[in-house]
>>> print(open('final.cif').read())   # mmCIF, C-alpha atoms
data_target
#
loop_
_atom_site.group_PDB
_atom_site.id
_atom_site.type_symbol
_atom_site.label_atom_id
_atom_site.label_comp_id
_atom_site.auth_asym_id
_atom_site.auth_seq_id
_atom_site.Cartn_x
_atom_site.Cartn_y
_atom_site.Cartn_z
ATOM 1 C CA MET M 1 1.858 24.086 -33.803
ATOM 2 C CA PRO M 2 5.553 23.463 -33.060
ATOM 3 C CA SER M 3 6.786 19.941 -32.454
ATOM 4 C CA ILE M 4 7.854 19.226 -28.880
ATOM 5 C CA PRO M 5 9.811 16.019 -28.148
ATOM 6 C CA GLY M 6 7.859 13.518 -26.103
ATOM 7 C CA ARG M 7 4.458 15.046 -26.937
ATOM 8 C CA GLU M 8 1.826 14.755 -29.611
ATOM 9 C CA TRP M 9 -0.302 17.758 -30.516
ATOM 10 C CA GLN M 10 -3.795 17.466 -31.978
ATOM 11 C CA MET M 11 -5.147 20.559 -33.670
ATOM 12 C CA GLY M 12 -8.714 21.408 -32.735
ATOM 13 C CA GLY M 13 -8.990 18.700 -30.095
ATOM 14 C CA ARG M 14 -7.633 17.442 -26.827
ATOM 15 C CA THR M 15 -3.888 17.382 -26.403
ATOM 16 C CA ARG M 16 -2.424 13.924 -25.987
ATOM 17 C CA TYR M 17 1.003 13.198 -24.562
ATOM 18 C CA ASN M 18 3.453 10.322 -24.717
ATOM 19 C CA GLY M 19 1.882 8.318 -27.501
ATOM 20 C CA GLY M 20 -1.732 8.683 -26.433
ATOM 21 C CA VAL M 21 -1.510 8.982 -22.645
ATOM 22 C CA ASP M 22 -4.092 11.596 -21.705
ATOM 23 C CA PHE M 23 -2.583 14.068 -19.213
ATOM 24 C CA PRO M 24 -5.797 16.083 -18.731
ATOM 25 C CA GLU M 25 -7.675 12.908 -17.824
ATOM 26 C CA ALA M 26 -4.839 11.686 -15.565
ATOM 27 C CA LEU M 27 -4.865 14.982 -13.663
ATOM 28 C CA ARG M 28 -8.665 15.040 -13.392
ATOM 29 C CA ALA M 29 -8.745 11.439 -12.128
ATOM 30 C CA SER M 30 -6.087 12.117 -9.474
ATOM 31 C CA ARG M 31 -7.908 15.246 -8.334
ATOM 32 C CA ASN M 32 -11.295 13.507 -8.156
ATOM 33 C CA ARG M 33 -9.911 10.563 -6.177
ATOM 34 C CA ARG M 34 -8.782 13.050 -3.554
ATOM 35 C CA HIS M 35 -12.120 14.896 -3.600
ATOM 36 C CA LEU M 36 -10.567 18.239 -4.486
ATOM 37 C CA SER M 37 -12.234 20.919 -6.571
ATOM 38 C CA GLN M 38 -10.341 22.718 -9.305
ATOM 39 C CA LEU M 39 -10.297 25.795 -7.085
ATOM 40 C CA GLU M 40 -8.834 23.900 -4.127
ATOM 41 C CA LEU M 41 -6.139 22.351 -6.301
ATOM 42 C CA ALA M 42 -5.322 25.706 -7.881
ATOM 43 C CA SER M 43 -4.976 27.330 -4.463
ATOM 44 C CA ARG M 44 -2.602 24.600 -3.272
ATOM 45 C CA ALA M 45 -0.515 24.688 -6.462
ATOM 46 C CA GLY M 46 -0.228 28.470 -6.626
ATOM 47 C CA THR M 47 -2.164 28.946 -9.849
ATOM 48 C CA THR M 48 -5.733 29.829 -10.868
ATOM 49 C CA GLN M 49 -8.879 27.765 -11.198
ATOM 50 C CA ARG M 50 -9.110 28.979 -14.804
ATOM 51 C CA HIS M 51 -5.644 27.571 -15.567
ATOM 52 C CA ILE M 52 -6.535 24.197 -14.022
ATOM 53 C CA SER M 53 -9.727 24.157 -16.079
ATOM 54 C CA PHE M 54 -7.782 24.885 -19.266
ATOM 55 C CA ILE M 55 -5.308 22.083 -18.462
ATOM 56 C CA GLU M 56 -8.065 19.543 -17.775
ATOM 57 C CA ASN M 57 -9.844 20.544 -20.984
ATOM 58 C CA GLY M 58 -6.667 20.124 -23.027
ATOM 59 C CA ARG M 59 -6.489 23.824 -23.878
ATOM 60 C CA SER M 60 -3.241 24.458 -22.003
ATOM 61 C CA ALA M 61 -0.077 22.363 -21.684
ATOM 62 C CA PRO M 62 1.586 22.736 -18.254
ATOM 63 C CA GLY M 63 5.308 23.184 -17.824
ATOM 64 C CA ARG M 64 7.382 20.692 -15.870
ATOM 65 C CA ALA M 65 7.500 22.914 -12.766
ATOM 66 C CA LEU M 66 3.703 23.197 -12.668
ATOM 67 C CA VAL M 67 3.267 19.443 -13.115
ATOM 68 C CA ALA M 68 5.611 18.935 -10.147
ATOM 69 C CA ARG M 69 3.622 21.457 -8.067
ATOM 70 C CA LEU M 70 0.368 19.747 -8.976
ATOM 71 C CA ALA M 71 1.812 16.383 -7.908
ATOM 72 C CA ASP M 72 2.941 17.915 -4.601
ATOM 73 C CA SER M 73 -0.453 19.546 -4.089
ATOM 74 C CA LEU M 74 -2.223 16.240 -4.674
ATOM 75 C CA ALA M 75 0.208 14.445 -2.310
ATOM 76 C CA LEU M 76 0.711 11.753 -4.946
ATOM 77 C CA PRO M 77 2.801 8.680 -4.161
ATOM 78 C CA LEU M 78 6.077 8.498 -6.077
ATOM 79 C CA ARG M 79 4.812 6.061 -8.710
ATOM 80 C CA GLU M 80 1.864 8.312 -9.518
ATOM 81 C CA ARG M 81 4.111 11.391 -9.579
ATOM 82 C CA ASN M 82 6.286 9.699 -12.179
ATOM 83 C CA GLY M 83 3.178 8.726 -14.119
ATOM 84 C CA LEU M 84 1.862 12.276 -14.133
ATOM 85 C CA LEU M 85 5.189 13.599 -15.417
ATOM 86 C CA LEU M 86 5.288 10.949 -18.138
ATOM 87 C CA ALA M 87 1.731 11.742 -19.162
ATOM 88 C CA ALA M 88 2.746 15.382 -19.589
ATOM 89 C CA GLY M 89 5.723 14.373 -21.730
ATOM 90 C CA TYR M 90 8.470 14.779 -19.125
ATOM 91 C CA ALA M 91 10.977 12.276 -17.773
ATOM 92 C CA PRO M 92 10.148 10.746 -14.376
ATOM 93 C CA VAL M 93 12.036 12.112 -11.384
ATOM 94 C CA HIS M 94 12.040 9.198 -8.958
ATOM 95 C CA PRO M 95 14.076 6.052 -9.721
ATOM 96 C CA GLU M 96 12.600 2.568 -9.372
ATOM 97 C CA HIS M 97 14.857 -0.421 -8.727
ATOM 98 C CA ASP M 98 14.144 -4.124 -8.354
ATOM 99 C CA LEU M 99 14.511 -5.397 -4.810
ATOM 100 C CA ASP M 100 17.557 -7.457 -5.795
ATOM 101 C CA ASP M 101 19.304 -4.414 -7.275
ATOM 102 C CA PRO M 102 22.556 -3.628 -5.390
ATOM 103 C CA ALA M 103 21.420 -0.007 -5.134
ATOM 104 C CA LEU M 104 18.754 -1.059 -2.617
ATOM 105 C CA ALA M 105 21.034 -3.298 -0.544
ATOM 106 C CA PRO M 106 21.662 -0.679 2.194
ATOM 107 C CA ALA M 107 17.925 -0.020 2.573
ATOM 108 C CA LEU M 108 17.109 -3.726 2.782
ATOM 109 C CA GLU M 109 19.883 -4.244 5.320
ATOM 110 C CA ALA M 110 18.390 -1.479 7.429
ATOM 111 C CA LEU M 111 14.981 -3.144 7.153
ATOM 112 C CA GLY M 112 16.530 -6.366 8.413
ATOM 113 C CA HIS M 113 17.726 -4.545 11.537
ATOM 114 C CA VAL M 114 14.259 -3.057 12.070
ATOM 115 C CA LEU M 115 12.640 -6.488 11.775
ATOM 116 C CA ALA M 116 15.122 -7.960 14.249
ATOM 117 C CA GLY M 117 14.392 -5.094 16.605
ATOM 118 C CA HIS M 118 10.739 -6.177 16.852
ATOM 119 C CA LEU M 119 11.637 -9.617 18.208
ATOM 120 C CA PRO M 120 10.151 -11.518 19.993
ATOM 121 C CA TYR M 121 7.088 -10.102 18.225
ATOM 122 C CA PRO M 122 6.270 -10.981 14.587
ATOM 123 C CA ALA M 123 7.034 -8.373 11.951
ATOM 124 C CA ILE M 124 7.071 -8.377 8.156
ATOM 125 C CA VAL M 125 7.778 -6.120 5.192
ATOM 126 C CA VAL M 126 5.354 -6.197 2.255
ATOM 127 C CA ASP M 127 5.111 -4.362 -1.061
ATOM 128 C CA ARG M 128 2.118 -2.384 -2.336
ATOM 129 C CA HIS M 129 0.349 -5.576 -3.447
ATOM 130 C CA GLY M 130 0.805 -7.311 -0.093
ATOM 131 C CA THR M 131 3.624 -9.521 -1.382
ATOM 132 C CA LEU M 132 5.836 -10.684 1.470
ATOM 133 C CA VAL M 133 9.326 -9.218 1.069
ATOM 134 C CA ARG M 134 10.915 -10.106 4.400
ATOM 135 C CA ALA M 135 9.879 -11.437 7.794
ATOM 136 C CA ASN M 136 11.575 -11.921 11.137
ATOM 137 C CA SER M 137 11.857 -15.326 12.798
ATOM 138 C CA ALA M 138 8.900 -14.657 15.128
ATOM 139 C CA PHE M 139 6.552 -14.635 12.138
ATOM 140 C CA ASP M 140 6.929 -18.430 11.985
ATOM 141 C CA VAL M 141 4.502 -18.789 14.885
ATOM 142 C CA MET M 142 1.787 -17.219 12.750
ATOM 143 C CA THR M 143 2.320 -19.568 9.802
ATOM 144 C CA GLU M 144 2.099 -22.834 11.758
ATOM 145 C CA GLY M 145 0.063 -25.369 9.772
ATOM 146 C CA VAL M 146 -0.379 -23.080 6.756
ATOM 147 C CA ASP M 147 -0.632 -24.701 3.308
ATOM 148 C CA PRO M 148 2.958 -24.600 1.923
ATOM 149 C CA ALA M 149 1.558 -23.443 -1.419
ATOM 150 C CA LEU M 150 0.703 -20.121 0.243
ATOM 151 C CA LEU M 151 4.250 -19.648 1.526
ATOM 152 C CA GLY M 152 6.227 -19.592 -1.718
ATOM 153 C CA PRO M 153 8.784 -16.961 -2.645
ATOM 154 C CA ARG M 154 6.005 -14.535 -3.702
ATOM 155 C CA ALA M 155 3.672 -15.219 -0.782
ATOM 156 C CA ASN M 156 0.910 -12.654 -0.370
ATOM 157 C CA ILE M 157 0.101 -11.661 3.193
ATOM 158 C CA LEU M 158 -3.524 -10.767 2.383
ATOM 159 C CA ARG M 159 -4.132 -14.151 0.779
ATOM 160 C CA LEU M 160 -2.323 -15.789 3.688
ATOM 161 C CA ALA M 161 -4.675 -14.056 6.137
ATOM 162 C CA LEU M 162 -7.980 -14.828 4.408
ATOM 163 C CA HIS M 163 -7.484 -18.074 2.449
ATOM 164 C CA PRO M 164 -8.996 -21.220 4.059
ATOM 165 C CA GLY M 165 -5.588 -22.866 3.737
ATOM 166 C CA GLY M 166 -3.901 -19.942 5.494
ATOM 167 C CA LEU M 167 -4.463 -18.354 8.876
ATOM 168 C CA ALA M 168 -8.256 -18.203 8.550
ATOM 169 C CA PRO M 169 -9.108 -21.480 10.382
ATOM 170 C CA ARG M 170 -7.024 -20.387 13.385
ATOM 171 C CA ILE M 171 -8.311 -16.817 13.675
ATOM 172 C CA ARG M 172 -10.959 -16.977 16.385
ATOM 173 C CA ASN M 173 -12.554 -13.647 15.402
ATOM 174 C CA PHE M 174 -12.174 -14.266 11.672
ATOM 175 C CA PRO M 175 -15.382 -12.458 10.499
ATOM 176 C CA GLN M 176 -14.336 -9.220 12.201
ATOM 177 C CA TRP M 177 -10.659 -9.493 11.282
ATOM 178 C CA ALA M 178 -11.417 -10.439 7.672
ATOM 179 C CA ARG M 179 -13.764 -7.479 7.295
ATOM 180 C CA HIS M 180 -10.994 -5.203 8.567
ATOM 181 C CA VAL M 181 -8.505 -6.658 6.036
ATOM 182 C CA ILE M 182 -10.819 -6.520 3.013
ATOM 183 C CA GLU M 183 -11.940 -2.954 3.784
ATOM 184 C CA ALA M 184 -8.314 -1.831 4.011
ATOM 185 C CA LEU M 185 -7.646 -3.497 0.652
ATOM 186 C CA ARG M 186 -10.681 -1.777 -0.869
ATOM 187 C CA ASP M 187 -9.545 1.608 0.462
ATOM 188 C CA GLU M 188 -6.068 1.098 -1.000
ATOM 189 C CA GLN M 189 -7.582 0.172 -4.342
ATOM 190 C CA ARG M 190 -9.647 3.375 -4.335
ATOM 191 C CA ARG M 191 -6.643 5.533 -3.530
ATOM 192 C CA ASN M 192 -4.356 3.819 -6.029
ATOM 193 C CA PRO M 193 -6.292 2.050 -8.812
ATOM 194 C CA ASP M 194 -4.315 -1.016 -9.811
ATOM 195 C CA ALA M 195 -5.289 -4.120 -11.793
ATOM 196 C CA ARG M 196 -3.465 -6.492 -9.425
ATOM 197 C CA LEU M 197 -5.171 -5.007 -6.372
ATOM 198 C CA ALA M 198 -8.541 -5.279 -8.115
ATOM 199 C CA ALA M 199 -7.878 -8.943 -8.977
ATOM 200 C CA LEU M 200 -6.764 -9.659 -5.407
ATOM 201 C CA HIS M 201 -9.905 -8.039 -4.013
ATOM 202 C CA ALA M 202 -12.096 -10.098 -6.365
ATOM 203 C CA GLU M 203 -10.292 -13.278 -5.271
ATOM 204 C CA LEU M 204 -10.432 -12.654 -1.525
ATOM 205 C CA ALA M 205 -13.799 -10.919 -1.062
ATOM 206 C CA PRO M 206 -15.799 -14.209 -1.243
ATOM 207 C CA TYR M 207 -13.947 -15.451 1.859
ATOM 208 C CA VAL M 208 -15.310 -12.540 3.915
ATOM 209 C CA THR M 209 -18.750 -12.731 5.473
ATOM 210 C CA GLU M 210 -20.788 -9.798 6.681
ATOM 211 C CA SER M 211 -20.414 -9.208 10.397
ATOM 212 C CA ALA M 212 -23.238 -7.933 12.549
ATOM 213 C CA PRO M 213 -22.979 -4.340 13.826
ATOM 214 C CA GLY M 214 -21.102 -4.214 17.116
ATOM 215 C CA ASP M 215 -19.563 -7.662 16.653
ATOM 216 C CA ALA M 216 -15.976 -6.417 16.625
ATOM 217 C CA GLN M 217 -14.249 -6.812 19.974
ATOM 218 C CA LEU M 218 -12.160 -3.659 19.913
ATOM 219 C CA LEU M 219 -9.293 -2.602 22.109
ATOM 220 C CA GLY M 220 -10.818 0.855 22.017
ATOM 221 C CA PHE M 221 -8.583 1.891 19.126
ATOM 222 C CA ALA M 222 -7.911 -1.235 17.027
ATOM 223 C CA VAL M 223 -9.286 -4.590 15.881
ATOM 224 C CA PRO M 224 -7.066 -7.322 17.361
ATOM 225 C CA MET M 225 -6.367 -10.646 15.674
ATOM 226 C CA GLU M 226 -7.144 -13.561 17.989
ATOM 227 C CA LEU M 227 -4.911 -16.331 16.679
ATOM 228 C CA GLU M 228 -4.787 -19.899 17.959
ATOM 229 C CA THR M 229 -1.274 -21.374 17.798
ATOM 230 C CA ALA M 230 0.069 -24.805 18.672
ATOM 231 C CA SER M 231 3.266 -23.528 20.266
ATOM 232 C CA ARG M 232 2.112 -20.334 22.019
ATOM 233 C CA GLY M 233 -1.592 -20.859 22.691
ATOM 234 C CA LEU M 234 -4.058 -18.042 21.996
ATOM 235 C CA LEU M 235 -2.392 -14.820 20.846
ATOM 236 C CA ARG M 236 -4.193 -11.479 20.727
ATOM 237 C CA LEU M 237 -2.269 -9.272 18.330
ATOM 238 C CA MET M 238 -2.773 -5.729 17.131
ATOM 239 C CA THR M 239 -1.223 -4.518 13.917
ATOM 240 C CA THR M 240 0.841 -1.401 13.363
ATOM 241 C CA VAL M 241 1.967 -0.270 9.918
ATOM 242 C CA ALA M 242 4.925 1.972 9.108
ATOM 243 C CA VAL M 243 5.765 3.404 5.705
ATOM 244 C CA PHE M 244 8.973 4.985 4.449
ATOM 245 C CA ALA M 245 7.652 8.450 3.692
ATOM 246 C CA THR M 246 11.026 10.049 2.959
ATOM 247 C CA ALA M 247 12.157 7.391 0.475
ATOM 248 C CA ALA M 248 13.260 8.693 -2.931
ATOM 249 C CA ASP M 249 13.054 5.315 -4.699
ATOM 250 C CA VAL M 250 9.607 4.162 -5.845
ATOM 251 C CA THR M 251 10.150 0.563 -4.696
ATOM 252 C CA ILE M 252 11.234 1.517 -1.172
ATOM 253 C CA ALA M 253 8.492 4.143 -0.855
ATOM 254 C CA GLU M 254 5.866 1.462 -1.524
ATOM 255 C CA LEU M 255 7.116 -0.961 1.137
ATOM 256 C CA LYS M 256 5.241 -1.270 4.412
ATOM 257 C CA LEU M 257 6.548 -2.573 7.707
ATOM 258 C CA GLU M 258 3.770 -4.430 9.514
ATOM 259 C CA ALA M 259 4.353 -5.396 13.131
ATOM 260 C CA PHE M 260 2.081 -7.680 15.178
ATOM 261 C CA LEU M 261 2.258 -6.445 18.747
ATOM 262 C CA PRO M 262 0.732 -8.068 21.833
ATOM 263 C CA ALA M 263 -2.700 -6.747 22.721
ATOM 264 C CA ASP M 264 -2.500 -8.094 26.260
ATOM 265 C CA ARG M 265 0.078 -9.226 28.815
ATOM 266 C CA ALA M 266 -0.636 -12.912 28.276
ATOM 267 C CA THR M 267 0.290 -12.618 24.601
ATOM 268 C CA ALA M 268 3.449 -10.654 25.388
ATOM 269 C CA GLN M 269 4.483 -13.299 27.911
ATOM 270 C CA ALA M 270 3.718 -16.203 25.554
ATOM 271 C CA LEU M 271 5.781 -14.687 22.742
ATOM 272 C CA THR M 272 8.680 -13.751 25.026
ATOM 273 C CA GLU M 273 8.840 -17.115 26.767
ATOM 274 C CA GLY M 274 8.383 -19.005 23.504
ATOM 275 C CA ALA M 275 11.267 -17.127 21.928
ATOM 276 C CA ALA M 276 13.456 -17.892 24.934
ATOM 277 C CA ARG M 277 12.679 -21.624 24.661
ATOM 278 C CA ALA M 278 13.424 -21.596 20.927
ATOM 279 C CA ALA M 279 16.712 -19.710 21.306
ATOM 280 C CA PRO M 280 19.795 -21.895 20.724
ATOM 281 C CA VAL M 281 21.864 -22.776 23.788
ATOM 282 C CA ARG M 282 25.252 -21.030 23.688
#
>>> encode(input="final.cif", output="structure tokens")
Amino acid sequence: MPSIPGREWQMGGRTRYNGGVDFPEALRASRNRRHLSQLELASRAGTTQRHISFIENGRSAPGRALVARLADSLALPLRERNGLLLAAGYAPVHPEHDLDDPALAPALEALGHVLAGHLPYPAIVVDRHGTLVRANSAFDVMTEGVDPALLGPRANILRLALHPGGLAPRIRNFPQWARHVIEALRDEQRRNPDARLAALHAELAPYVTESAPGDAQLLGFAVPMELETASRGLLRLMTTVAVFATAADVTIAELKLEAFLPADRATAQALTEGAARAAPVR
């Protein structure tokens, strides 16, 4: 068997790539998480079920173009696309920069404008683990009385929401809201298995109690957060989440913009009037 840079070949057994990373298993796991059969994946990727079977059994090594088509067909996030390419012995396509890298400065500046545009309503940007990246000034109303230890430079918004020292004591409908948060975290963990997400789920799950069927007071399309605040009174907030689907950088693609919008007129008025009172006199 010829030697191919970046790969290891095992005669008479499963092919391993990149120093032991198992591409067949990585492909099979990604396909199974998305509940696709080999035939469905083959149809999407423009190949045959037999070829997919050979790849997953280690009997065939895919070319770079096919790996890219498989990643597209599975709708993998950029990090997982890079991982699949690496597992197959190819260089990753999508760059990944630290948030303080100058290359990301224009994107972060744009995010700052988006956050400011949500005022007087709270809005934040978080990474894939729920770590708080940026927040607008209106978010301060939500963190009134929170344990300062939960508000450090690497504050986690999920921990902030569910921890007894965070928002939990002030969320009037905490059982329903907490169930919504922990289920979203569990779904994210299923879609993108990650040790940090698993550890966060294990840490936060004990704070969440089972809610009785029909307990959630819905708006008809969302579970609102009913938050008691000292400066604005009771706020009923619904959450919207935006992602940067066209981003080419892994770090930016994994950021989420979470906005807390008023679920009723009283909340909208309280936030608007509170912001006006807090605005500096010019």
>>> resolve_selection(input="final.cif", expression="the PyMOL selection byres ((chain M and resi 135-147) around 7)", output="compact mmCIF listing (two decimals) with C-alpha atoms, in the coordinates of the input")
# COMPACT_ATOMS: atom_id res chain seq x y z
CA LEU M 115 12.64 -6.49 11.78
CA ALA M 116 15.12 -7.96 14.25
CA LEU M 119 11.64 -9.62 18.21
CA PRO M 120 10.15 -11.52 19.99
CA TYR M 121 7.09 -10.10 18.23
CA PRO M 122 6.27 -10.98 14.59
CA ALA M 123 7.03 -8.37 11.95
CA ILE M 124 7.07 -8.38 8.16
CA VAL M 125 7.78 -6.12 5.19
CA ARG M 134 10.92 -10.11 4.40
CA PRO M 148 2.96 -24.60 1.92
CA ALA M 149 1.56 -23.44 -1.42
CA LEU M 150 0.70 -20.12 0.24
CA GLY M 165 -5.59 -22.87 3.74
CA GLY M 166 -3.90 -19.94 5.49
CA LEU M 167 -4.46 -18.35 8.88
CA THR M 229 -1.27 -21.37 17.80
>>> atom_distance(input="final.cif", atom1="CA of Ser30 (chain M)", atom2="CA of Leu76 (chain M)")
8.2 Å
>>> residues_around(input="final.cif", residues="Thr251 (chain M)", least_positions_apart="2", cutoff="8 Å", atoms="all atoms listed in the file", output="ChimeraX atom specification")
/M:96-99,127,249,253-255
>>> closest_atom_pairs(input="final.cif", of="region 36-103 of chain M", to="region 177-192 of chain M", cutoff="12 Å", atoms="only C-alpha atoms", output="CSV")
residue,atom,partner,partner_atom,distance
M:Leu74,CA,M:Arg191,CA,11.6
M:Ala75,CA,M:Arg191,CA,11.3
M:Leu76,CA,M:Asn192,CA,9.5
M:Pro77,CA,M:Asn192,CA,8.9
M:Leu78,CA,M:Asn192,CA,11.4
M:Arg79,CA,M:Asn192,CA,9.8
M:Glu80,CA,M:Asn192,CA,8.4
M:Arg81,CA,M:Asn192,CA,11.9
>>> atom_distance(input="final.cif", atom1="CA of Gln38 (chain M)", atom2="CA of Ala88 (chain M)")
18.2 Å
>>> axis_aligned_box(input="final.cif", around="region 225-238 of chain M", padding_each_side="4 Å", output="AutoDock Vina command-line options")
--center_x -1.9 --center_y -15.3 --center_z 19.2 --size_x 18.4 --size_y 27.1 --size_z 15.0
>>> residues_around(input="final.cif", residues="Ser53 (chain M)", least_positions_apart="5", cutoff="10 Å", atoms="only C-alpha atoms", output="PyMOL selection string")
chain M and resi 24+28+38-39+42+48+58-60
>>> atom_distance(input="final.cif", atom1="CA of Gly117 (chain M)", atom2="CA of Arg159 (chain M)")
26.0 Å
>>> resolve_selection(input="final.cif", expression="the PyMOL selection byres ((chain M and resi 259) around 7)", output="list of chain:residue names")
M:Pro122, M:Ala123, M:Ile124, M:Thr239, M:Thr240, M:Val241, M:Leu257, M:Glu258, M:Phe260, M:Leu261
>>> closest_residue(input="final.cif", among="M:His201, M:Arg69, M:His113, M:Arg277", to="Gly46 (chain M)", atoms="only C-alpha atoms")
M:Arg69
>>> closest_residue(input="final.cif", among="M:Gly63, M:Thr246, M:Ala278, M:Ile157", to="Arg232 (chain M)", atoms="all atoms listed in the file")
M:Ala278
>>> residues_around(input="final.cif", residues="Leu235 (chain M)", least_positions_apart="3", cutoff="6 Å", atoms="all atoms listed in the file", output="list in words")
Glu226, Leu227 and Thr267 of chain M
>>> write_last_selection(input="final.cif", atoms="C-alpha atoms", output="mmCIF file, in the frame of the given file")
data_model
loop_
_atom_site.group_PDB
_atom_site.id
_atom_site.type_symbol
_atom_site.label_atom_id
_atom_site.label_comp_id
_atom_site.auth_asym_id
_atom_site.auth_seq_id
_atom_site.Cartn_x
_atom_site.Cartn_y
_atom_site.Cartn_z
ATOM 1 C CA GLU M 226 -7.144 -13.561 17.989
ATOM 2 C CA LEU M 227 -4.911 -16.331 16.679
ATOM 3 C CA THR M 267 0.290 -12.618 24.601
#
>>> residues_around(input="final.cif", residues="Leu70 (chain M)", least_positions_apart="2", cutoff="9 Å", atoms="all atoms listed in the file", output="MDAnalysis selection string")
chainID M and resid 27 41:42 44:45 65:68 72:76
>>> closest_residue(input="final.cif", among="M:Ala205, M:Leu197, M:Ala26, M:Met238", to="Arg128 (chain M)", atoms="only C-alpha atoms")
M:Leu197
>>> residues_around(input="final.cif", residues="region 207-211 of chain M", least_positions_apart="3", cutoff="8 Å", atoms="only C-alpha atoms", output="number ranges by chain")
M: 162-164, 175-176, 178-179, 182, 204, 215
>>> write_last_selection(input="final.cif", atoms="C-alpha atoms", output="short mmCIF file (atom, residue, chain, number, x, y, z; two decimals), in the frame of the given file")
data_model
loop_
_atom_site.label_atom_id
_atom_site.label_comp_id
_atom_site.auth_asym_id
_atom_site.auth_seq_id
_atom_site.Cartn_x
_atom_site.Cartn_y
_atom_site.Cartn_z
CA LEU M 162 -7.98 -14.83 4.41
CA HIS M 163 -7.48 -18.07 2.45
CA PRO M 164 -9.00 -21.22 4.06
CA PRO M 175 -15.38 -12.46 10.50
CA GLN M 176 -14.34 -9.22 12.20
CA ALA M 178 -11.42 -10.44 7.67
CA ARG M 179 -13.76 -7.48 7.30
CA ILE M 182 -10.82 -6.52 3.01
CA LEU M 204 -10.43 -12.65 -1.52
CA ASP M 215 -19.56 -7.66 16.65
#
